[in-house]
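Undergrad: What follows is query-v1.cif, made up of mmCIF, C-alpha atoms and all ligand atoms; chains and numbers go by the auth columns:
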```
data_data
#
loop_
_atom_site.group_PDB
_atom_site.id
_atom_site.type_symbol
_atom_site.label_atom_id
_atom_site.label_comp_id
_atom_site.label_asym_id
_atom_site.label_seq_id
_atom_site.Cartn_x
_atom_site.Cartn_y
_atom_site.Cartn_z
_atom_site.B_iso_or_equiv
_atom_site.auth_seq_id
_atom_site.auth_asym_id
ATOM 1 C CA MET A 1 14.504 12.542 4.982 0.00 1 A
ATOM 2 C CA LYS A 2 13.609 11.807 8.600 0.00 2 A
ATOM 3 C CA GLU A 3 15.906 9.626 10.656 0.00 3 A
ATOM 4 C CA PHE A 4 14.634 6.260 11.777 0.00 4 A
ATOM 5 C CA ASP A 5 15.136 6.228 15.571 0.00 5 A
ATOM 6 C CA GLN A 6 15.761 2.597 16.480 0.00 6 A
ATOM 7 C CA ALA A 7 16.573 3.335 20.157 0.00 7 A
ATOM 8 C CA LYS A 8 13.321 5.231 20.629 0.00 8 A
ATOM 9 C CA ILE A 9 11.266 2.336 19.290 0.00 9 A
ATOM 10 C CA GLU A 10 13.094 -0.074 21.564 0.00 10 A
ATOM 11 C CA GLN A 11 12.275 2.126 24.569 0.00 11 A
ATOM 12 C CA ALA A 12 8.655 2.412 23.484 0.00 12 A
ATOM 13 C CA VAL A 13 8.246 -1.340 23.035 0.00 13 A
ATOM 14 C CA THR A 14 9.788 -1.947 26.455 0.00 14 A
ATOM 15 C CA MET A 15 7.273 0.508 27.920 0.00 15 A
ATOM 16 C CA ILE A 16 4.362 -1.217 26.166 0.00 16 A
ATOM 17 C CA LEU A 17 5.472 -4.581 27.506 0.00 17 A
ATOM 18 C CA GLU A 18 5.659 -3.122 31.015 0.00 18 A
ATOM 19 C CA ALA A 19 2.307 -1.417 30.604 0.00 19 A
ATOM 20 C CA ILE A 20 0.517 -4.628 29.662 0.00 20 A
ATOM 21 C CA GLY A 21 1.908 -6.271 32.785 0.00 21 A
ATOM 22 C CA GLU A 22 4.686 -8.247 31.125 0.00 22 A
ATOM 23 C CA ASP A 23 8.267 -8.575 32.310 0.00 23 A
ATOM 24 C CA PRO A 24 10.486 -7.224 29.486 0.00 24 A
ATOM 25 C CA SER A 25 13.534 -8.844 31.101 0.00 25 A
ATOM 26 C CA ARG A 26 12.264 -12.407 30.875 0.00 26 A
ATOM 27 C CA GLU A 27 14.143 -14.620 28.452 0.00 27 A
ATOM 28 C CA GLY A 28 11.560 -14.708 25.653 0.00 28 A
ATOM 29 C CA LEU A 29 11.109 -10.926 25.625 0.00 29 A
ATOM 30 C CA VAL A 30 14.598 -9.661 26.221 0.00 30 A
ATOM 31 C CA ASP A 31 15.339 -9.174 22.508 0.00 31 A
ATOM 32 C CA THR A 32 11.777 -8.257 21.526 0.00 32 A
ATOM 33 C CA PRO A 33 12.197 -4.447 21.543 0.00 33 A
ATOM 34 C CA LYS A 34 15.186 -4.822 19.220 0.00 34 A
ATOM 35 C CA ARG A 35 13.287 -7.212 16.918 0.00 35 A
ATOM 36 C CA VAL A 36 10.268 -4.946 16.746 0.00 36 A
ATOM 37 C CA ALA A 37 12.459 -1.932 15.936 0.00 37 A
ATOM 38 C CA LYS A 38 14.103 -3.889 13.133 0.00 38 A
ATOM 39 C CA MET A 39 10.722 -4.997 11.824 0.00 39 A
ATOM 40 C CA TYR A 40 9.366 -1.427 11.897 0.00 40 A
ATOM 41 C CA GLN A 41 12.375 -0.225 9.962 0.00 41 A
ATOM 42 C CA GLU A 42 11.483 -2.761 7.283 0.00 42 A
ATOM 43 C CA VAL A 43 7.715 -2.288 7.184 0.00 43 A
ATOM 44 C CA PHE A 44 7.954 1.521 7.306 0.00 44 A
ATOM 45 C CA GLN A 45 10.830 1.946 4.874 0.00 45 A
ATOM 46 C CA GLY A 46 8.465 3.459 2.307 0.00 46 A
ATOM 47 C CA LEU A 47 8.317 6.659 4.395 0.00 47 A
ATOM 48 C CA ASN A 48 11.532 7.719 2.739 0.00 48 A
ATOM 49 C CA GLN A 49 10.421 6.859 -0.771 0.00 49 A
ATOM 50 C CA ASP A 50 8.413 8.670 -3.379 0.00 50 A
ATOM 51 C CA PRO A 51 6.499 6.299 -5.678 0.00 51 A
ATOM 52 C CA LYS A 52 7.228 8.669 -8.569 0.00 52 A
ATOM 53 C CA GLU A 53 10.952 8.007 -8.373 0.00 53 A
ATOM 54 C CA HIS A 54 10.307 4.475 -9.645 0.00 54 A
ATOM 55 C CA PHE A 55 8.805 5.765 -12.864 0.00 55 A
ATOM 56 C CA ALA A 56 12.059 7.438 -13.927 0.00 56 A
ATOM 57 C CA THR A 57 12.779 4.461 -16.186 0.00 57 A
ATOM 58 C CA ILE A 58 10.852 5.317 -19.326 0.00 58 A
ATOM 59 C CA PHE A 59 11.022 3.397 -22.581 0.00 59 A
ATOM 60 C CA GLY A 60 10.091 5.158 -25.776 0.00 60 A
ATOM 61 C CA GLU A 61 7.726 2.414 -26.877 0.00 61 A
ATOM 62 C CA ASP A 62 4.924 3.254 -29.238 0.00 62 A
ATOM 63 C CA HIS A 63 2.164 1.332 -27.442 0.00 63 A
ATOM 64 C CA GLU A 64 -0.973 3.336 -26.771 0.00 64 A
ATOM 65 C CA GLU A 65 -3.056 0.390 -25.573 0.00 65 A
ATOM 66 C CA LEU A 66 -3.704 -1.110 -22.174 0.00 66 A
ATOM 67 C CA VAL A 67 -0.860 -2.227 -19.913 0.00 67 A
ATOM 68 C CA LEU A 68 -2.138 -4.060 -16.842 0.00 68 A
ATOM 69 C CA VAL A 69 -0.142 -5.626 -14.026 0.00 69 A
ATOM 70 C CA LYS A 70 -2.510 -7.434 -11.724 0.00 70 A
ATOM 71 C CA ASP A 71 -2.324 -9.417 -8.479 0.00 71 A
ATOM 72 C CA ILE A 72 0.586 -7.446 -7.006 0.00 72 A
ATOM 73 C CA PRO A 73 0.654 -8.684 -3.409 0.00 73 A
ATOM 74 C CA PHE A 74 1.252 -6.133 -0.660 0.00 74 A
ATOM 75 C CA TYR A 75 1.344 -5.734 3.111 0.00 75 A
ATOM 76 C CA SER A 76 0.714 -2.449 4.813 0.00 76 A
ATOM 77 C CA MET A 77 0.009 -1.120 8.306 0.00 77 A
ATOM 78 C CA CYS A 78 -3.329 0.445 9.161 0.00 78 A
ATOM 79 C CA GLU A 79 -2.585 3.939 10.440 0.00 79 A
ATOM 80 C CA HIS A 80 -5.365 3.790 13.031 0.00 80 A
ATOM 81 C CA HIS A 81 -4.343 0.625 14.847 0.00 81 A
ATOM 82 C CA LEU A 82 -0.853 -0.176 13.516 0.00 82 A
ATOM 83 C CA VAL A 83 -1.916 -3.691 12.589 0.00 83 A
ATOM 84 C CA PRO A 84 -1.480 -5.150 9.109 0.00 84 A
ATOM 85 C CA PHE A 85 -3.812 -5.022 6.196 0.00 85 A
ATOM 86 C CA PHE A 86 -2.851 -6.939 3.116 0.00 86 A
ATOM 87 C CA GLY A 87 -4.074 -7.992 -0.265 0.00 87 A
ATOM 88 C CA LYS A 88 -3.489 -7.323 -3.932 0.00 88 A
ATOM 89 C CA ALA A 89 -3.111 -4.273 -6.100 0.00 89 A
ATOM 90 C CA HIS A 90 -3.956 -4.121 -9.806 0.00 90 A
ATOM 91 C CA ILE A 91 -2.595 -1.298 -11.959 0.00 91 A
ATOM 92 C CA GLY A 92 -3.638 -0.580 -15.519 0.00 92 A
ATOM 93 C CA TYR A 93 -2.704 2.371 -17.706 0.00 93 A
ATOM 94 C CA ILE A 94 -2.786 3.457 -21.320 0.00 94 A
ATOM 95 C CA PRO A 95 0.547 5.076 -22.212 0.00 95 A
ATOM 96 C CA ARG A 96 0.785 8.257 -24.226 0.00 96 A
ATOM 97 C CA GLY A 97 3.599 9.568 -26.372 0.00 97 A
ATOM 98 C CA GLY A 98 5.765 6.491 -25.973 0.00 98 A
ATOM 99 C CA LYS A 99 6.012 6.904 -22.183 0.00 99 A
ATOM 100 C CA VAL A 100 6.055 3.301 -20.994 0.00 100 A
ATOM 101 C CA THR A 101 7.670 2.347 -17.698 0.00 101 A
ATOM 102 C CA GLY A 102 9.176 -0.971 -16.595 0.00 102 A
ATOM 103 C CA LEU A 103 6.556 -3.438 -15.363 0.00 103 A
ATOM 104 C CA SER A 104 8.408 -4.083 -12.115 0.00 104 A
ATOM 105 C CA LYS A 105 8.308 -0.341 -11.417 0.00 105 A
ATOM 106 C CA LEU A 106 4.554 -0.560 -10.927 0.00 106 A
ATOM 107 C CA ALA A 107 5.129 -3.121 -8.166 0.00 107 A
ATOM 108 C CA ARG A 108 7.934 -0.960 -6.732 0.00 108 A
ATOM 109 C CA ALA A 109 5.554 2.002 -6.521 0.00 109 A
ATOM 110 C CA VAL A 110 3.115 -0.194 -4.573 0.00 110 A
ATOM 111 C CA GLU A 111 5.941 -1.109 -2.166 0.00 111 A
ATOM 112 C CA ALA A 112 6.820 2.569 -1.683 0.00 112 A
ATOM 113 C CA VAL A 113 3.305 3.585 -0.677 0.00 113 A
ATOM 114 C CA THR A 114 2.342 0.491 1.330 0.00 114 A
ATOM 115 C CA ARG A 115 5.419 0.453 3.569 0.00 115 A
ATOM 116 C CA ARG A 116 4.207 3.207 5.858 0.00 116 A
ATOM 117 C CA PRO A 117 1.238 3.806 8.163 0.00 117 A
ATOM 118 C CA GLN A 118 -1.558 3.873 5.633 0.00 118 A
ATOM 119 C CA LEU A 119 -5.181 3.975 4.568 0.00 119 A
ATOM 120 C CA GLN A 120 -6.280 1.779 1.697 0.00 120 A
ATOM 121 C CA GLU A 121 -7.845 4.736 -0.127 0.00 121 A
ATOM 122 C CA ARG A 122 -4.561 6.670 -0.002 0.00 122 A
ATOM 123 C CA ILE A 123 -2.549 3.741 -1.360 0.00 123 A
ATOM 124 C CA THR A 124 -4.952 3.521 -4.277 0.00 124 A
ATOM 125 C CA SER A 125 -4.986 7.196 -5.199 0.00 125 A
ATOM 126 C CA ASP A 126 -1.277 7.823 -4.538 0.00 126 A
ATOM 127 C CA VAL A 127 -0.265 5.105 -7.012 0.00 127 A
ATOM 128 C CA ALA A 128 -2.710 6.437 -9.614 0.00 128 A
ATOM 129 C CA ASP A 129 -1.553 10.040 -9.161 0.00 129 A
ATOM 130 C CA ALA A 130 2.138 9.101 -9.288 0.00 130 A
ATOM 131 C CA LEU A 131 1.530 7.483 -12.675 0.00 131 A
ATOM 132 C CA VAL A 132 -0.449 10.459 -13.958 0.00 132 A
ATOM 133 C CA GLU A 133 2.195 12.962 -12.854 0.00 133 A
ATOM 134 C CA THR A 134 5.166 11.133 -14.332 0.00 134 A
ATOM 135 C CA LEU A 135 4.001 9.239 -17.439 0.00 135 A
ATOM 136 C CA GLU A 136 1.077 11.535 -18.348 0.00 136 A
ATOM 137 C CA PRO A 137 -0.819 8.546 -19.757 0.00 137 A
ATOM 138 C CA HIS A 138 -4.214 8.600 -21.488 0.00 138 A
ATOM 139 C CA GLY A 139 -5.713 6.886 -18.461 0.00 139 A
ATOM 140 C CA VAL A 140 -4.981 5.018 -15.243 0.00 140 A
ATOM 141 C CA ILE A 141 -6.997 2.610 -13.175 0.00 141 A
ATOM 142 C CA VAL A 142 -5.826 1.225 -9.851 0.00 142 A
ATOM 143 C CA VAL A 143 -7.811 -1.349 -7.892 0.00 143 A
ATOM 144 C CA VAL A 144 -6.785 -2.505 -4.430 0.00 144 A
ATOM 145 C CA GLU A 145 -8.422 -5.350 -2.525 0.00 145 A
ATOM 146 C CA ALA A 146 -7.439 -6.020 1.065 0.00 146 A
ATOM 147 C CA GLU A 147 -8.263 -7.670 4.330 0.00 147 A
ATOM 148 C CA HIS A 148 -7.809 -5.488 7.393 0.00 148 A
ATOM 149 C CA MET A 149 -6.627 -7.219 10.550 0.00 149 A
ATOM 150 C CA CYS A 150 -8.172 -4.408 12.591 0.00 150 A
ATOM 151 C CA MET A 151 -11.548 -5.671 11.348 0.00 151 A
ATOM 152 C CA THR A 152 -10.796 -9.358 11.848 0.00 152 A
ATOM 153 C CA MET A 153 -8.720 -9.939 14.991 0.00 153 A
ATOM 154 C CA ARG A 154 -10.318 -7.133 17.027 0.00 154 A
ATOM 155 C CA GLY A 155 -13.167 -4.626 17.003 0.00 155 A
ATOM 156 C CA VAL A 156 -15.990 -5.698 14.743 0.00 156 A
ATOM 157 C CA LYS A 157 -14.311 -9.127 14.149 0.00 157 A
ATOM 158 C CA LYS A 158 -15.378 -9.923 10.610 0.00 158 A
ATOM 159 C CA PRO A 159 -12.749 -12.282 9.216 0.00 159 A
ATOM 160 C CA GLY A 160 -12.892 -12.769 5.468 0.00 160 A
ATOM 161 C CA SER A 161 -14.411 -9.378 4.780 0.00 161 A
ATOM 162 C CA LYS A 162 -12.671 -7.610 1.924 0.00 162 A
ATOM 163 C CA THR A 163 -12.370 -3.928 1.127 0.00 163 A
ATOM 164 C CA ILE A 164 -12.084 -2.908 -2.508 0.00 164 A
ATOM 165 C CA THR A 165 -10.996 0.569 -3.553 0.00 165 A
ATOM 166 C CA SER A 166 -10.395 2.025 -6.977 0.00 166 A
ATOM 167 C CA ALA A 167 -8.856 5.162 -8.428 0.00 167 A
ATOM 168 C CA VAL A 168 -9.730 6.067 -11.997 0.00 168 A
ATOM 169 C CA ARG A 169 -8.016 8.796 -13.992 0.00 169 A
ATOM 170 C CA GLY A 170 -8.073 10.160 -17.538 0.00 170 A
ATOM 171 C CA ILE A 171 -10.078 8.439 -20.247 0.00 171 A
ATOM 172 C CA PHE A 172 -11.231 5.688 -17.889 0.00 172 A
ATOM 173 C CA VAL A 173 -13.378 8.250 -16.075 0.00 173 A
ATOM 174 C CA LYS A 174 -15.654 8.782 -19.084 0.00 174 A
ATOM 175 C CA ASP A 175 -15.134 5.641 -21.133 0.00 175 A
ATOM 176 C CA ALA A 176 -17.249 2.996 -19.398 0.00 176 A
ATOM 177 C CA ALA A 177 -16.387 0.332 -21.983 0.00 177 A
ATOM 178 C CA ALA A 178 -12.624 0.799 -21.481 0.00 178 A
ATOM 179 C CA ARG A 179 -13.126 0.698 -17.713 0.00 179 A
ATOM 180 C CA ALA A 180 -15.230 -2.458 -17.967 0.00 180 A
ATOM 181 C CA GLU A 181 -12.547 -4.127 -20.103 0.00 181 A
ATOM 182 C CA VAL A 182 -9.896 -3.564 -17.438 0.00 182 A
ATOM 183 C CA LEU A 183 -12.178 -4.761 -14.657 0.00 183 A
ATOM 184 C CA THR A 184 -12.911 -7.924 -16.655 0.00 184 A
ATOM 185 C CA PHE A 185 -9.180 -8.613 -16.985 0.00 185 A
ATOM 186 C CA ILE A 186 -8.709 -7.993 -13.253 0.00 186 A
ATOM 187 C CA ARG A 187 -11.532 -10.382 -12.350 0.00 187 A
ATOM 188 C CA GLY A 188 -10.437 -12.992 -14.880 0.00 188 A
HETATM 189 N N1 LIG B . -11.455 4.361 5.375 0.00 201 B
HETATM 190 C C1 LIG B . -10.616 3.512 5.959 0.00 201 B
HETATM 191 N N2 LIG B . -10.859 3.137 7.200 0.00 201 B
HETATM 192 C C2 LIG B . -10.004 2.273 7.770 0.00 201 B
HETATM 193 C C3 LIG B . -8.887 1.749 7.115 0.00 201 B
HETATM 194 N N3 LIG B . -8.249 0.909 7.949 0.00 201 B
HETATM 195 C C4 LIG B . -8.968 0.908 9.090 0.00 201 B
HETATM 196 N N4 LIG B . -10.039 1.728 8.986 0.00 201 B
HETATM 197 C C5 LIG B . -11.125 2.069 9.924 0.00 201 B
HETATM 198 O O1 LIG B . -10.755 3.117 10.746 0.00 201 B
HETATM 199 C C6 LIG B . -11.799 3.264 11.707 0.00 201 B
HETATM 200 C C7 LIG B . -11.265 3.833 12.989 0.00 201 B
HETATM 201 O O2 LIG B . -12.411 4.066 13.766 0.00 201 B
HETATM 202 P P1 LIG B . -12.391 4.599 15.263 0.00 201 B
HETATM 203 O O3 LIG B . -13.811 4.641 15.743 0.00 201 B
HETATM 204 O O4 LIG B . -11.568 5.845 15.337 0.00 201 B
HETATM 205 O O5 LIG B . -11.552 3.471 16.032 0.00 201 B
HETATM 206 P P2 LIG B . -12.072 2.153 16.772 0.00 201 B
HETATM 207 O O6 LIG B . -12.895 2.509 17.964 0.00 201 B
HETATM 208 O O7 LIG B . -10.868 1.302 17.039 0.00 201 B
HETATM 209 O O8 LIG B . -13.026 1.501 15.663 0.00 201 B
HETATM 210 P P3 LIG B . -13.536 -0.001 15.462 0.00 201 B
HETATM 211 O O9 LIG B . -12.588 -0.658 14.509 0.00 201 B
HETATM 212 O O10 LIG B . -14.917 0.128 14.882 0.00 201 B
HETATM 213 O O11 LIG B . -13.516 -0.680 16.808 0.00 201 B
HETATM 214 C C8 LIG B . -12.414 1.867 11.811 0.00 201 B
HETATM 215 O O12 LIG B . -13.719 1.950 11.308 0.00 201 B
HETATM 216 C C9 LIG B . -11.549 1.016 10.876 0.00 201 B
HETATM 217 O O13 LIG B . -12.270 -0.030 10.249 0.00 201 B
HETATM 218 C C10 LIG B . -8.656 2.177 5.776 0.00 201 B
HETATM 219 O O14 LIG B . -7.681 1.787 5.105 0.00 201 B
HETATM 220 N N5 LIG B . -9.549 3.047 5.243 0.00 201 B
HETATM 221 ZN ZN ZN B . -7.159 -0.341 11.682 0.00 202 B
#
```
What would the structure in this file look like if it were written as structure tokens?
Ligand SMILES: Nc1nc2c(ncn2[C@@H]2O[C@H](COP(=O)(O)OP(=O)(O)OP(=O)(O)O)[C@@H](O)[C@H]2O)c(=O)[nH]1
Ligand SMILES: [Zn+2]
TA:
Amino acid sequence: MKEFDQAKIEQAVTMILEAIGEDPSREGLVDTPKRVAKMYQEVFQGLNQDPKEHFATIFGEDHEELVLVKDIPFYSMCEHHLVPFFGKAHIGYIPRGGKVTGLSKLARAVEAVTRRPQLQERITSDVADALVETLEPHGVIVVVEAEHMCMTMRGVKKPGSKTITSAVRGIFVKDAAARAEVLTFIRG
């Protein structure tokens, strides 16, 4: 586990403020480096988490049909620009051999992977792979939809544009009808 270096972030933020021509000692900014460091500790706390650790809670429930938790809200930080991207994650899986996890654990896994510098594609596949590796289900489908601030407040400036990514594992790869069923539930 890597140490979170609060003092280093404070120094860096002070330097950024100086570099943009601000006065870091003026009243409104004097506590800003400290606030930003505290915020980074919160939004990057997933760096010390493994999404798989949340799937340790396993119930021996004989349900080999779809489990879908949809509309899990998340915030993450784009690793290219360190600005937020945010949206919803939807996670569906078909358990095998009684390996069912707690519903909240799916949302906890999303928290673990989103609270670090990220790419939307990696969030999507890391959640899917964590489920596959721990619960060994018949199939997993993860859909993530997000708005990227780096595409809205700067650069190409396209507010409202949405990026949708999916990761499909197991029987959902071949079974188009099963996949379509999940996507219908997600849309509905
Ligand atoms: N694939 C992927 N790309 C992302 C994600 N978040 C941001 N990006 C893109 O990362 C790219 C970085 O492109 P660069 O050309 O290196 O950086 P840039 O000059 O700031 O790019 P522009 O945003 O086009 O101004 C941009 O196209 C972003 O839209 C993500 O989650 N997944
Ligand atoms: Zn970006």
Undergrad: Using 6 Å as the limit and counting all atoms listed in the file, can you tabulate each residue of chain A that touches ligand LIG 201 (chain B), with its shortest atom-to-atom distance in Å and the two atoms involved, as JSON lines?
TA:
```
{"residue": "A:Cys78", "atom": "CA", "partner": "B:LIG201", "partner_atom": "N3", "distance": 5.1}
{"residue": "A:His80", "atom": "CA", "partner": "B:LIG201", "partner_atom": "O1", "distance": 5.9}
{"residue": "A:Leu119", "atom": "CA", "partner": "B:LIG201", "partner_atom": "O14", "distance": 3.4}
{"residue": "A:Gln120", "atom": "CA", "partner": "B:LIG201", "partner_atom": "O14", "distance": 3.7}
{"residue": "A:Glu121", "atom": "CA", "partner": "B:LIG201", "partner_atom": "N5", "distance": 5.9}
{"residue": "A:Met151", "atom": "CA", "partner": "B:LIG201", "partner_atom": "O13", "distance": 5.8}
{"residue": "A:Gly155", "atom": "CA", "partner": "B:LIG201", "partner_atom": "O11", "distance": 4.0}
{"residue": "A:Val156", "atom": "CA", "partner": "B:LIG201", "partner_atom": "O10", "distance": 5.9}
```
Undergrad: Calculated over all atoms listed in the file, which of the candidates A:Pro137, A:Gly160, A:Pro117, A:Gly170 has the smallest distance to ligand ZN 202 (chain B)?
TA: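 Comparing A:Pro137, A:Gly160, A:Pro117, A:Gly170 against ligand ZN 202 (chain B), the winner is A:Pro117.
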Undergrad: With distances taken over all atoms listed in the file, which residue among A:Met149, A:Val30, A:Val173, A:Leu135 lies nearest ligand ZN 202 (chain B)?
TA: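 Ranking A:Met149, A:Val30, A:Val173, A:Leu135 by distance to ligand ZN 202 (chain B), first place goes to A:Met149.
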Undergrad: Using the chain letters and numbers from this file, what does the PyMOL selection byres (((chain A and resi 84) around 9) and not hetatm) select? Give the answer as an NGL selection string.
TA: :A and (75-78 or 81-83 or 85-86 or 147-150)
Undergrad: Extract, using all atoms listed in the file, all DNA, RNA and protein residues at most 8 Å from region 110-112 of chain A, discarding same-chain residues fewer than 5 positions from it, and format them as a VMD selection string.
TA: chain A and resid 45 to 47 49 to 51 74 89 123 127
Undergrad: Could you tell me which residues the PyMOL selection byres (((chain A and resi 68) around 9) and not hetatm) returns for this structure, as a list in words?
TA: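 When the PyMOL selection byres (((chain A and resi 68) around 9) and not hetatm) is applied to the shown file, the picked residues are Leu66, Val67, Val69, Lys70, His90, Ile91, Gly92, Tyr93, Ile94, Leu103, Val182, Phe185 and Ile186 of chain A.
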Undergrad: Given only C-alpha atoms and all ligand atoms as the basis, pick out the residue of A:Thr165, A:Thr124, A:Val143, A:Glu79 nearest to ligand ZN 202 (chain B).
TA: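 The answer is A:Glu79, which sits nearest to ligand ZN 202 (chain B).
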Undergrad: Could you expand the PyMOL selection byres (((chain A and resi 11) around 12) and not hetatm) into the explicit residues it covers here, written as a PyMOL selection string?
TA: chain A and resi 5-10+12-18+24+31-34+36-37
Undergrad: How about saving the chosen residues, C-alpha atoms kept, as a CSV table (one decimal), keeping the file's coordinate frame?
TA:
```csv
chain,number,residue,atom,x,y,z
A,5,ASP,CA,15.1,6.2,15.6
A,6,GLN,CA,15.8,2.6,16.5
A,7,ALA,CA,16.6,3.3,20.2
A,8,LYS,CA,13.3,5.2,20.6
A,9,ILE,CA,11.3,2.3,19.3
A,10,GLU,CA,13.1,-0.1,21.6
A,12,ALA,CA,8.7,2.4,23.5
A,13,VAL,CA,8.2,-1.3,23.0
A,14,THR,CA,9.8,-1.9,26.5
A,15,MET,CA,7.3,0.5,27.9
A,16,ILE,CA,4.4,-1.2,26.2
A,17,LEU,CA,5.5,-4.6,27.5
A,18,GLU,CA,5.7,-3.1,31.0
A,24,PRO,CA,10.5,-7.2,29.5
A,31,ASP,CA,15.3,-9.2,22.5
A,32,THR,CA,11.8,-8.3,21.5
A,33,PRO,CA,12.2,-4.4,21.5
A,34,LYS,CA,15.2,-4.8,19.2
A,36,VAL,CA,10.3,-4.9,16.7
A,37,ALA,CA,12.5,-1.9,15.9
```
Undergrad: Please measure the separation of CA of Met39 (chain A) and CA of Glu3 (chain A), giving the value in Å to one decimal.
TA: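 CA of Glu3 (chain A) lies 15.6 Å from CA of Met39 (chain A).
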Undergrad: Find the residues near Thr134 (chain A): any atom within 9 Å, counting only C-alpha atoms, skip ones fewer than 2 places away on the same chain, and give them as a ChimeraX atom specification.
TA: /A:52-53,55-56,99,129-132,136-137
Undergrad: List as a list of chain:residue names the residues having at least one atom at most 6 Å from position (-6.1, -9.4, -2.0) as given in the file, counting only C-alpha atoms.
TA: A:Gly87, A:Lys88, A:Glu145, A:Ala146
Undergrad: So the first atom is CA of Val43 (chain A) and the second is CA of Ile164 (chain A); what is the distance between them in Å, to one decimal place?
TA: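 Atom-to-atom, CA of Val43 (chain A) and CA of Ile164 (chain A) are spaced 22.1 Å apart.
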Undergrad: Hey, could you pull the box centre and edge lengths for region 165-176 of chain A, axis-aligned, 5 Å padding per side, all listed atoms, to one decimal in Å, as AutoDock Vina command-line options?
TA:
```
--center_x -12.6 --center_y 5.4 --center_z -12.3 --size_x 19.2 --size_y 19.6 --size_z 27.6
```
Undergrad: A:His54, A:Arg26, A:Lys162, A:Arg187: which is nearest Leu106 (chain A), counting all atoms listed in the file?
TA: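 Nearest candidate to Leu106 (chain A) out of A:His54, A:Arg26, A:Lys162, A:Arg187: A:His54.
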Undergrad: Choose the residue, out of A:Met153, A:Asp175, A:Glu181, A:Lys105, that has the smallest atom-to-atom separation from ligand ZN 202 (chain B); count all atoms listed in the file.
TA: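 Result for the nearest residue to ligand ZN 202 (chain B): A:Met153.
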Undergrad: Could you check which of A:Thr57, A:Arg154, A:Pro159, A:Val113 is closest to ligand ZN 202 (chain B), using all atoms listed in the file?
TA: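 Counting all atoms listed in the file, the residue closest to ligand ZN 202 (chain B) is A:Arg154.
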Undergrad: What is the distance, in Å and to one decimal place, between CA of Ile58 (chain A) and CA of Gly188 (chain A)?
TA: 28.4 Å
Undergrad: Would you be able to write out as a ChimeraX atom specification which residues have an atom within 10 Å of (1.8, 0.6, -29.3) in the file's coordinates, counting only C-alpha atoms?
TA: /A:61-66,94-98,100
